Amino acid sequence: MTDPDLAPGAVLHRYVGAFVDAMARAGIAQVCLCPGSRSTPLALEFQRHPAIRVWVHLDERSAAFFALGIAKATGKPVALLSTSGTAALNFAPAVAEARYGRVPLLVLTADRPPELRDVGANQTIDQIRLFGSMVKRSVEVALPEATPQMLRYVDLTAARAVAVAEARPAGPVHLNLPFREPLIPSAPPGADRDAPRPRSAVVHHAGGQPDGEAVAAAVAHVSAGDRGLIVCGPQADPHFPQAVAWLAATLGLPLLADPLSQVRCGPHDRSRVIAGYDAFLRDAETARALRPDFVLRFGATPTSKPLLQFLDDPACPQWLITDGEGWNDPTLAASTALHADARALCDALTAALPPLDPAARGRREAWHGRWRTCAAETAAVQRDLLARDDGISEPRVFTELADLLPDGATLFVGNSMPVRDLDGFYHGGARALRVLGNRGSSGIDGVVSTALGAAAAGPGPLVLVIGDLSLYHDLNGLFAVKRHDLHATIVLINNDGGGIFSFLPQADEVEDFEQLFGTPHGLDFRHAAALYGLDHRPVRRAADFRDAVAQSLGKPGVALVEVQTERAANAALHREIWQAVAARVRGALHSNVEA
C-alpha cells in the first residue's frame with residue numbers, strides 16, 4: 001500500500017513523475033496536449049520536466065495530426081495527451097494514420113477511476129481499448145500508488161510503451177491512465193526532481209539476430225561481477241540447451257533450469273545445470289548467501305515461486321531475453337529486455353566474450369560450487385526422505401519417472417501441484433526427454449486433450465502426469481484415445497480435491513476450507529477408464545508404480561495409473577522435506593565458507 005503519511009498530491013507526484021521520467025529516458029522529448037481537467041497530473045509533470053517540450057493545442061484532432069507530423073519528420077516517438085471523454089475520440093483519425101503509416105505515437109488518455117465509470121459521471125465514456133486494432137498495444141494503467149513495487153510498475157509501463165511504438169513496424173500505443181481527485185501533484189517537503197526514481201527499464205529490439213550494439217551491452221552486463229546467474233524458464237527450441245550450456249561454460253556460471261526449459265535433461269553438457277532451487281531458496285539465510293551480482297534470463301516466467309521471490313531484487317541488474325514484445329517478469333525487477341532469438345544471442349555472446357583471466361575464473365568456479373553444493377545436498381535429502389518406506393507419494397512420482405522414462409520420451413505435466421513437484425523433485429538426466437505443459441495461462445482445463453495431441457504428433461512414448469480435478473475437467477478428451485488409436489501413459493495423482501490449497505494460509509485459517517477450497521469430489525476414476533477403454537492401474541507402493549508405468553510404456557494403448565494420496569499428509573511431507581533441506585544446505589554452505 002501507499003505510505004499513509006504521504007498526501008494524495010505527493011503520491012500523485014511520485015507516481016506520475018516516475019512515469020514521465022521514464023518516458024523521457026526512453027526517448028520521449030515532445031508532447032502535444034490540449035487543455036483538460038482529468039489530464040492535469042500528466043500535463044503538469046510534462047510541463048515541469050526539463051527534457052520535454054510541450055506543445056499546447058486547442059483541438060484534439062489537430063493536436064494528434066501535429067504530433068504525427070513531428071514523429072514523421074524526426075522518426076522519434078511523440079506523446080499525445082487528452083483529458084477524459086469524447087476528447088480522446090478525436091485522436092482516432094491520426095491514430096489510424098499512424099498505424100498504417102508506421103509512425104510511432106504514444107497516445108495517453110486520462111480517465112475517471114473505475115468507481116466513476118458507468119454511473120453517470122460527467123465526461124466519462126468507455127476508454128478501455130478505445131482505439132481497437134488501430135494501436136499495437138493498449139494498456140489500462142493502474143491507479144497511482146507510491147510503493148516501490150508500483151513505481152517500478154509505472155516505470156516499466158512507460159518504457160515498454162515507447163519500445164513497442166518504436167519496434168518495427170512502428171505504430172501507435174495507447175495508455176489509458178485513470179486518476180482520482182485531487183488532481184494536482186505536489187512534491188513532499190524536501191523533495192525535488194533530482195530525488196531518486198526507479199531505475200528505468202531498457203528495451204532493445206533486435207529481431208531474430210542481435211546486433212553488435214545489443215551484444216556489446218550484453219557482454220558488459222555479464223561482466224559486471226563474479227556472482228552471476230543464468231536462469232532458463234520454459235521454452236521449446238530443441239537446440240537452445242546446447243547453446244546456453246556453452247555460454248554458461250564460457251562464463252563459468254551456474255545455470256538454473258526450469259524443467260520446461262528443456263535444459264535439465266539431455267545429452268548436452270549439464271555440468272552447470274542447477275535444480276532443486278525451489279526447495280533450498282525457501283530458506284531466507286540460504287537465499288541471502290546466494291544473492292547474485294547480475295542475472296541473465298531466458299524463456300518464459302519460471303515455475304518456481306521461491307525462485308521468483310529470490311529474483312525480486314531491483315538492485316540486481318537483470319536482463320530478460322525474449323523472442324517477442326513480452327516481459328516475462330511478474331516481479332517487475334528486471335532492468336533490461338532484449339527482444340531477440342535466445343539461441344542466437346547465446347551463440348553471439350559466447351563468440352564475443354573475452355577469455356576469463358585465471359583469478360576471475362577461480363572466483364566464478366567457487367561461486368558455481370556453492371550452487372552445486374546446494375543442489376546436491378537438496379537431492380540427497382529428498383532421496384533419503386522419499387525412499388524411507390515403499391509408499392508412492394506425490395513428489396516420489398517424479399523421482400521414479402526420472403529412472404523410468406526412456407530416451408526420446410515426452411513428459412507432459414499438468415498445472416497446479418504436478419508442475420510444481422516436477423520443478424522441485426525432478427533433477428534431470430542425460431536422456432533426451434521433451435518436457436511439456438500448458439504454462440501459457442496455466443489453467444487446469446484441456447490438459448488431457450493437449451497431451452493426447454502431443455502423443456499423436458509423436459515421436460516416442462508420452463507420459464502425462466495430471467491431478468484429479470484437471471482430469472475431471474477434460475474427461476471428454478479421453479474419447480480421442482479410441483477414435484485415433486493413441487498410445488500414452490496417464491499418471492493420475494488423486495488426492496480427492498484441490499491439493500495445492502493445502503499449502504496456503506486458507507488451510508489453517510478458513511473455517512469452511514474443505515467446502516470452499518479442498519472441494520472433495522469422491523469420484524471413482526475406474527469408471528471413466530472403463531468408459532473410454534483405458535487400462536486402469538491403481539497403485540499405492542513405489543514398486544507397483546514402477547511396474548505399472550513400465551508395462552504401459554511397453555505396450556500399445558493408454559493406461560491410467562492412479563496414485564491415491566491424502567492432501568494433508570502430502571502438505572506435511574513437503575514441509576518436512578523443505579525444513580530438512582534448509583538445515584542441510586545451511587550446514588553445507590557454512591562448512592564450505594570455513595573451508
# chains A, B, ... in the order shown; residues from 1 in each chain; ligands from 1
$ select_by_dssp --residues "region 313-535 of chain A" --states "strand (DSSP E)" --output "PyMOL selection string"
chain A and resi 318-322+336-339+410-413+434-436+462-467+488-494+535
$ write_last_selection --atoms "C-alpha atoms" --output "compact mmCIF listing (two decimals), in the first residue's frame"
# COMPACT_ATOMS: atom_id res chain seq x y z
CA GLN A 318 18.61 -8.41 -14.67
CA TRP A 319 18.34 -8.91 -18.40
CA LEU A 320 15.36 -10.69 -19.98
CA ILE A 321 15.87 -12.29 -23.38
CA THR A 322 12.51 -12.72 -25.10
CA THR A 336 16.53 -4.61 -19.45
CA ALA A 337 14.66 -6.65 -22.05
CA LEU A 338 16.27 -7.74 -25.29
CA HIS A 339 13.86 -8.97 -27.94
CA THR A 410 7.79 -36.84 -23.80
CA LEU A 411 6.76 -35.93 -20.26
CA PHE A 412 3.65 -33.78 -20.22
CA VAL A 413 2.82 -32.28 -16.84
CA ARG A 434 10.93 -33.43 -24.09
CA VAL A 435 9.10 -31.81 -21.15
CA LEU A 436 5.87 -30.02 -21.99
CA LEU A 462 4.31 -39.92 -23.84
CA VAL A 463 3.60 -39.84 -20.12
CA LEU A 464 1.08 -37.36 -18.74
CA VAL A 465 1.10 -36.54 -15.00
CA ILE A 466 -2.14 -34.86 -14.03
CA GLY A 467 -4.20 -34.02 -10.94
CA ALA A 488 0.17 -42.90 -23.87
CA THR A 489 0.51 -43.34 -20.12
CA ILE A 490 -1.62 -41.14 -17.86
CA VAL A 491 -0.41 -40.89 -14.26
CA LEU A 492 -3.33 -39.61 -12.21
CA ILE A 493 -2.47 -38.06 -8.84
CA ASN A 494 -5.76 -38.33 -6.98
CA ASP A 535 -6.34 -49.93 -18.69
$ select_by_dssp --residues "region 242-481 of chain A" --states "helix (DSSP H, G or I)" --output "CSV table (one decimal) with C-alpha atoms, in the first residue's frame"
chain,number,residue,atom,x,y,z
A,242,GLN,CA,23.4,-26.8,-26.1
A,243,ALA,CA,23.8,-23.1,-26.9
A,244,VAL,CA,23.1,-21.9,-23.3
A,245,ALA,CA,25.3,-24.7,-21.9
A,246,TRP,CA,28.2,-23.4,-23.9
A,247,LEU,CA,27.5,-19.9,-22.8
A,248,ALA,CA,27.4,-21.0,-19.1
A,249,ALA,CA,30.7,-22.8,-19.5
A,250,THR,CA,32.3,-19.8,-21.1
A,251,LEU,CA,31.1,-17.5,-18.3
A,259,PRO,CA,12.1,-28.3,-16.1
A,260,LEU,CA,10.2,-27.0,-19.1
A,261,SER,CA,13.2,-25.2,-20.4
A,277,TYR,CA,16.4,-24.4,-6.1
A,278,ASP,CA,12.7,-24.5,-5.4
A,279,ALA,CA,13.5,-26.2,-2.1
A,280,PHE,CA,16.7,-24.5,-0.9
A,284,ALA,CA,16.0,-16.9,3.9
A,285,GLU,CA,19.5,-17.5,5.2
A,286,THR,CA,20.5,-19.6,2.2
A,287,ALA,CA,18.9,-17.1,-0.2
A,288,ARG,CA,20.9,-14.2,1.3
A,289,ALA,CA,24.1,-16.2,1.0
A,305,LYS,CA,7.7,-19.1,-6.7
A,306,PRO,CA,10.7,-19.2,-4.4
A,307,LEU,CA,12.9,-18.5,-7.4
A,308,LEU,CA,10.8,-15.6,-8.4
A,309,GLN,CA,10.9,-14.2,-4.9
A,310,PHE,CA,14.6,-14.6,-4.9
A,311,LEU,CA,14.9,-12.7,-8.2
A,342,ALA,CA,17.7,-16.7,-27.5
A,343,ARG,CA,19.9,-19.3,-29.2
A,344,ALA,CA,21.3,-16.6,-31.5
A,345,LEU,CA,22.2,-14.4,-28.5
A,346,CYS,CA,23.8,-17.3,-26.7
A,347,ASP,CA,26.0,-18.0,-29.7
A,348,ALA,CA,26.8,-14.3,-30.3
A,349,LEU,CA,27.7,-13.8,-26.6
A,350,THR,CA,29.9,-17.0,-26.5
A,351,ALA,CA,31.8,-15.8,-29.5
A,352,ALA,CA,32.2,-12.2,-28.3
A,358,PRO,CA,42.6,-17.2,-14.0
A,359,ALA,CA,41.7,-15.2,-11.0
A,360,ALA,CA,38.2,-14.4,-12.3
A,361,ARG,CA,37.7,-18.0,-13.4
A,362,GLY,CA,38.6,-19.2,-9.9
A,363,ARG,CA,36.1,-16.8,-8.3
A,364,ARG,CA,33.3,-17.8,-10.6
A,365,GLU,CA,34.1,-21.5,-10.1
A,366,ALA,CA,33.9,-21.1,-6.4
A,367,TRP,CA,30.5,-19.3,-6.8
A,368,HIS,CA,29.2,-22.1,-9.0
A,369,GLY,CA,30.5,-24.6,-6.5
A,370,ARG,CA,28.2,-23.1,-3.8
A,371,TRP,CA,25.2,-23.6,-6.0
A,372,ARG,CA,26.2,-27.1,-7.0
A,373,THR,CA,26.6,-27.9,-3.3
A,374,CYS,CA,23.1,-26.7,-2.5
A,375,ALA,CA,21.6,-28.7,-5.4
A,376,ALA,CA,23.5,-31.9,-4.4
A,377,GLU,CA,22.5,-31.6,-0.7
A,378,THR,CA,18.9,-31.0,-1.7
A,379,ALA,CA,18.8,-34.0,-3.9
A,380,ALA,CA,20.3,-36.2,-1.2
A,381,VAL,CA,17.7,-35.1,1.4
A,382,GLN,CA,14.9,-35.7,-1.0
A,383,ARG,CA,16.1,-39.1,-2.0
A,384,ASP,CA,16.6,-40.2,1.7
A,385,LEU,CA,13.2,-39.0,2.9
A,386,LEU,CA,11.2,-40.2,-0.1
A,394,GLU,CA,3.2,-37.2,-5.0
A,395,PRO,CA,6.9,-36.0,-5.0
A,396,ARG,CA,8.1,-39.6,-5.5
A,397,VAL,CA,6.2,-39.9,-8.7
A,398,PHE,CA,8.8,-37.6,-10.3
A,399,THR,CA,11.9,-39.2,-8.7
A,400,GLU,CA,10.6,-42.6,-10.0
A,401,LEU,CA,9.8,-41.2,-13.5
A,402,ALA,CA,13.4,-39.9,-13.7
A,403,ASP,CA,14.5,-43.5,-13.9
A,404,LEU,CA,11.6,-44.9,-15.9
A,417,MET,CA,0.8,-29.3,-8.0
A,418,PRO,CA,2.2,-31.6,-10.7
A,419,VAL,CA,4.3,-29.0,-12.4
A,420,ARG,CA,5.5,-27.6,-9.1
A,421,ASP,CA,6.5,-31.1,-7.9
A,422,LEU,CA,8.2,-31.7,-11.3
A,423,ASP,CA,10.2,-28.5,-10.6
A,424,GLY,CA,11.0,-29.4,-7.1
A,425,PHE,CA,11.9,-33.1,-7.3
A,447,VAL,CA,-4.7,-30.7,-20.3
A,448,VAL,CA,-5.7,-34.3,-21.3
A,449,SER,CA,-6.6,-33.2,-24.9
A,450,THR,CA,-3.4,-31.2,-25.2
A,451,ALA,CA,-1.2,-34.1,-24.0
A,452,LEU,CA,-3.0,-36.6,-26.3
A,453,GLY,CA,-2.5,-34.2,-29.2
A,454,ALA,CA,1.2,-34.2,-28.4
A,455,ALA,CA,1.1,-38.0,-28.2
A,456,ALA,CA,-0.5,-38.2,-31.6
A,457,ALA,CA,2.2,-35.9,-33.1
A,468,ASP,CA,-7.7,-35.3,-10.3
A,469,LEU,CA,-9.5,-32.0,-10.8
A,470,SER,CA,-7.7,-31.4,-14.0
A,471,LEU,CA,-8.6,-34.9,-15.3
A,472,TYR,CA,-12.2,-34.3,-14.3
A,473,HIS,CA,-12.2,-31.0,-16.3
A,475,LEU,CA,-12.7,-36.3,-19.3
A,476,ASN,CA,-14.2,-35.9,-22.7
A,477,GLY,CA,-10.7,-35.6,-24.1
A,478,LEU,CA,-10.3,-39.3,-23.4
A,479,PHE,CA,-12.7,-40.0,-26.3
A,480,ALA,CA,-9.7,-39.4,-28.7
A,481,VAL,CA,-7.9,-42.5,-27.3
$ closest_residue --among "A:Arg129, A:Ala218, A:Ala165, A:Arg431" --to "Val263 (chain A)" --atoms "only C-alpha atoms"
A:Arg431
$ residues_around --residues "Ala334 (chain A)" --least-positions-apart "3" --cutoff "10 Å" --atoms "only C-alpha atoms" --output "ChimeraX atom specification"
/A:152,156,199-202,295-297,311-320,327-331,337
$ closest_residue --among "A:Ala300, A:Ala548, A:Val231, A:Ala142" --to "Ala275 (chain A)" --atoms "only C-alpha atoms"
A:Val231
$ residues_around --residues "Val135 (chain A)" --least-positions-apart "6" --cutoff "7 Å" --atoms "only C-alpha atoms" --output "PDB file with C-alpha atoms, in the first residue's frame"
ATOM      1  CA  ARG A  99      -0.972   2.632 -37.578  1.00  0.00           C
ATOM      2  CA  GLY A 171       2.992   2.437 -34.756  1.00  0.00           C
ATOM      3  CA  PRO A 172       0.768   3.881 -32.048  1.00  0.00           C
ATOM      4  CA  VAL A 173       0.451   2.563 -28.482  1.00  0.00           C
ATOM      5  CA  HIS A 174      -2.423   3.542 -26.188  1.00  0.00           C
TER       6      HIS A 174
END
$ residues_around --residues "Ala79 (chain A)" --least-positions-apart "3" --cutoff "9 Å" --atoms "only C-alpha atoms" --output "list in words"
Met23, Ile28, Ala29, Gln30, Val31, Cys32, Leu33, Ala67, Leu105, Leu106, Val107 and Leu108 of chain A
$ write_last_selection --atoms "all heavy atoms" --output "compact mmCIF listing (two decimals), in the first residue's frame"
# COMPACT_ATOMS: atom_id res chain seq x y z
N MET A 23 9.38 8.01 -19.40
CA MET A 23 9.10 8.39 -20.79
C MET A 23 10.29 9.16 -21.37
O MET A 23 10.72 8.91 -22.51
CB MET A 23 7.84 9.25 -20.85
CG MET A 23 6.55 8.48 -20.76
SD MET A 23 5.89 8.21 -22.41
CE MET A 23 4.67 6.96 -22.08
N ILE A 28 11.14 10.03 -25.21
CA ILE A 28 10.08 11.00 -25.47
C ILE A 28 10.60 12.40 -25.13
O ILE A 28 10.87 12.71 -23.97
CB ILE A 28 8.82 10.69 -24.65
CG1 ILE A 28 8.22 9.35 -25.07
CG2 ILE A 28 7.79 11.80 -24.80
CD1 ILE A 28 7.72 9.31 -26.50
N ALA A 29 10.72 13.24 -26.14
CA ALA A 29 11.22 14.60 -25.94
C ALA A 29 10.16 15.65 -26.25
O ALA A 29 10.35 16.83 -25.93
CB ALA A 29 12.44 14.85 -26.81
N GLN A 30 9.03 15.24 -26.88
CA GLN A 30 8.00 16.19 -27.27
C GLN A 30 6.62 15.62 -26.97
O GLN A 30 6.35 14.44 -27.22
CB GLN A 30 8.12 16.54 -28.75
CG GLN A 30 9.53 17.01 -29.12
CD GLN A 30 9.59 17.74 -30.43
OE1 GLN A 30 8.97 18.79 -30.60
NE2 GLN A 30 10.35 17.19 -31.36
N VAL A 31 5.75 16.49 -26.44
CA VAL A 31 4.39 16.10 -26.08
C VAL A 31 3.42 17.12 -26.63
O VAL A 31 3.62 18.35 -26.48
CB VAL A 31 4.22 16.03 -24.54
CG1 VAL A 31 2.78 15.70 -24.17
CG2 VAL A 31 5.18 15.01 -23.94
N CYS A 32 2.35 16.65 -27.27
CA CYS A 32 1.28 17.51 -27.74
C CYS A 32 0.05 17.26 -26.87
O CYS A 32 -0.35 16.11 -26.67
CB CYS A 32 0.94 17.22 -29.20
SG CYS A 32 2.28 17.62 -30.34
N LEU A 33 -0.55 18.34 -26.35
CA LEU A 33 -1.71 18.16 -25.47
C LEU A 33 -2.70 19.29 -25.67
O LEU A 33 -2.39 20.35 -26.21
CB LEU A 33 -1.27 18.07 -24.01
CG LEU A 33 -0.52 19.25 -23.38
CD1 LEU A 33 -1.48 20.32 -22.88
CD2 LEU A 33 0.35 18.76 -22.23
N ALA A 67 1.21 16.09 -33.76
CA ALA A 67 2.15 15.11 -33.19
C ALA A 67 2.60 14.12 -34.24
O ALA A 67 3.78 13.73 -34.30
CB ALA A 67 1.48 14.39 -32.02
N LEU A 105 3.66 6.68 -32.12
CA LEU A 105 2.93 7.64 -31.30
C LEU A 105 2.61 7.00 -29.95
O LEU A 105 2.25 5.82 -29.89
CB LEU A 105 1.61 8.05 -31.95
CG LEU A 105 1.58 9.13 -33.02
CD1 LEU A 105 0.13 9.43 -33.39
CD2 LEU A 105 2.28 10.40 -32.57
N LEU A 106 2.72 7.78 -28.88
CA LEU A 106 2.28 7.36 -27.56
C LEU A 106 1.00 8.11 -27.24
O LEU A 106 1.01 9.32 -26.99
CB LEU A 106 3.34 7.68 -26.50
CG LEU A 106 4.37 6.59 -26.21
CD1 LEU A 106 3.70 5.36 -25.61
CD2 LEU A 106 5.16 6.22 -27.45
N VAL A 107 -0.12 7.43 -27.29
CA VAL A 107 -1.43 8.03 -27.09
C VAL A 107 -1.82 7.86 -25.63
O VAL A 107 -2.09 6.75 -25.16
CB VAL A 107 -2.48 7.40 -28.02
CG1 VAL A 107 -3.81 8.13 -27.89
CG2 VAL A 107 -2.00 7.42 -29.47
N LEU A 108 -1.86 8.96 -24.89
CA LEU A 108 -2.14 8.94 -23.46
C LEU A 108 -3.51 9.57 -23.22
O LEU A 108 -3.72 10.75 -23.53
CB LEU A 108 -1.08 9.73 -22.69
CG LEU A 108 0.38 9.41 -23.03
CD1 LEU A 108 1.32 10.30 -22.23
CD2 LEU A 108 0.69 7.93 -22.75
$ residues_around --residues "Ala22 (chain A)" --least-positions-apart "5" --cutoff "12 Å" --atoms "only C-alpha atoms" --output "number ranges by chain"
A: 14-17, 27-29, 45-46, 49, 51-52, 151-163, 197-203
$ closest_residue --among "A:Leu143, A:Ala340, A:Val219, A:Val119" --to "His205 (chain A)" --atoms "only C-alpha atoms"
A:Ala340
$ atom_distance --atom1 "CA of Val563 (chain A)" --atom2 "CA of Val539 (chain A)"
5.4 Å
$ atom_distance --atom1 "CA of Ala550 (chain A)" --atom2 "CA of Leu405 (chain A)"
8.6 Å
$ closest_atom_pairs --of "region 128-169 of chain A" --to "region 207-211 of chain A" --cutoff "12 Å" --atoms "only C-alpha atoms" --output "JSON lines"
{"residue": "A:Ala167", "atom": "CA", "partner": "A:Gly207", "partner_atom": "CA", "distance": 9.1}
{"residue": "A:Arg168", "atom": "CA", "partner": "A:Gly207", "partner_atom": "CA", "distance": 8.8}
{"residue": "A:Pro169", "atom": "CA", "partner": "A:Gly207", "partner_atom": "CA", "distance": 11.2}
$ write_last_selection --atoms "all heavy atoms" --output "PDB file, in the first residue's frame"
ATOM      1  N   ALA A 167       9.275  -0.264 -32.154  1.00  0.00           N
ATOM      2  CA  ALA A 167       9.658  -1.539 -32.762  1.00  0.00           C
ATOM      3  C   ALA A 167       9.051  -1.685 -34.150  1.00  0.00           C
ATOM      4  O   ALA A 167       7.901  -1.320 -34.388  1.00  0.00           O
ATOM      5  CB  ALA A 167       9.215  -2.696 -31.871  1.00  0.00           C
ATOM      6  N   ARG A 168       9.826  -2.224 -35.070  1.00  0.00           N
ATOM      7  CA  ARG A 168       9.358  -2.367 -36.449  1.00  0.00           C
ATOM      8  C   ARG A 168       8.295  -3.457 -36.552  1.00  0.00           C
ATOM      9  O   ARG A 168       8.478  -4.542 -36.012  1.00  0.00           O
ATOM     10  CB  ARG A 168      10.540  -2.689 -37.363  1.00  0.00           C
ATOM     11  CG  ARG A 168      11.565  -1.574 -37.436  1.00  0.00           C
ATOM     12  CD  ARG A 168      12.704  -1.968 -38.354  1.00  0.00           C
ATOM     13  NE  ARG A 168      13.715  -0.908 -38.414  1.00  0.00           N
ATOM     14  CZ  ARG A 168      14.838  -1.006 -39.108  1.00  0.00           C
ATOM     15  NH1 ARG A 168      15.101  -2.125 -39.798  1.00  0.00           N
ATOM     16  NH2 ARG A 168      15.712  -0.011 -39.121  1.00  0.00           N
ATOM     17  N   PRO A 169       7.210  -3.175 -37.288  1.00  0.00           N
ATOM     18  CA  PRO A 169       6.839  -1.869 -37.844  1.00  0.00           C
ATOM     19  C   PRO A 169       6.359  -0.936 -36.746  1.00  0.00           C
ATOM     20  O   PRO A 169       5.596  -1.339 -35.863  1.00  0.00           O
ATOM     21  CB  PRO A 169       5.709  -2.214 -38.812  1.00  0.00           C
ATOM     22  CG  PRO A 169       5.083  -3.440 -38.223  1.00  0.00           C
ATOM     23  CD  PRO A 169       6.201  -4.211 -37.589  1.00  0.00           C
TER      24      PRO A 169
END
$ atom_distance --atom1 "CA of Ile500 (chain A)" --atom2 "CA of Arg567 (chain A)"
8.4 Å
$ closest_residue --among "A:Asp126, A:Glu166, A:Asp269, A:Glu97" --to "Ala110 (chain A)" --atoms "only C-alpha atoms"
A:Asp126
$ decode --residues "region 305-319 of chain A" --atoms "C-alpha atoms" --output "PDB file, in the first residue's frame"
ATOM      1  CA  LYS A 305       7.658 -19.123  -6.729  1.00  0.00           C
ATOM      2  CA  PRO A 306      10.693 -19.209  -4.367  1.00  0.00           C
ATOM      3  CA  LEU A 307      12.931 -18.533  -7.367  1.00  0.00           C
ATOM      4  CA  LEU A 308      10.785 -15.579  -8.444  1.00  0.00           C
ATOM      5  CA  GLN A 309      10.870 -14.184  -4.913  1.00  0.00           C
ATOM      6  CA  PHE A 310      14.645 -14.623  -4.882  1.00  0.00           C
ATOM      7  CA  LEU A 311      14.918 -12.690  -8.152  1.00  0.00           C
ATOM      8  CA  ASP A 312      12.702  -9.876  -6.841  1.00  0.00           C
ATOM      9  CA  ASP A 313      15.627  -7.532  -6.259  1.00  0.00           C
ATOM     10  CA  PRO A 314      15.606  -4.281  -8.257  1.00  0.00           C
ATOM     11  CA  ALA A 315      19.162  -3.576  -7.063  1.00  0.00           C
ATOM     12  CA  CYS A 316      20.434  -6.580  -9.034  1.00  0.00           C
ATOM     13  CA  PRO A 317      20.756  -5.883 -12.796  1.00  0.00           C
ATOM     14  CA  GLN A 318      18.613  -8.410 -14.669  1.00  0.00           C
ATOM     15  CA  TRP A 319      18.337  -8.912 -18.401  1.00  0.00           C
TER      16      TRP A 319
END
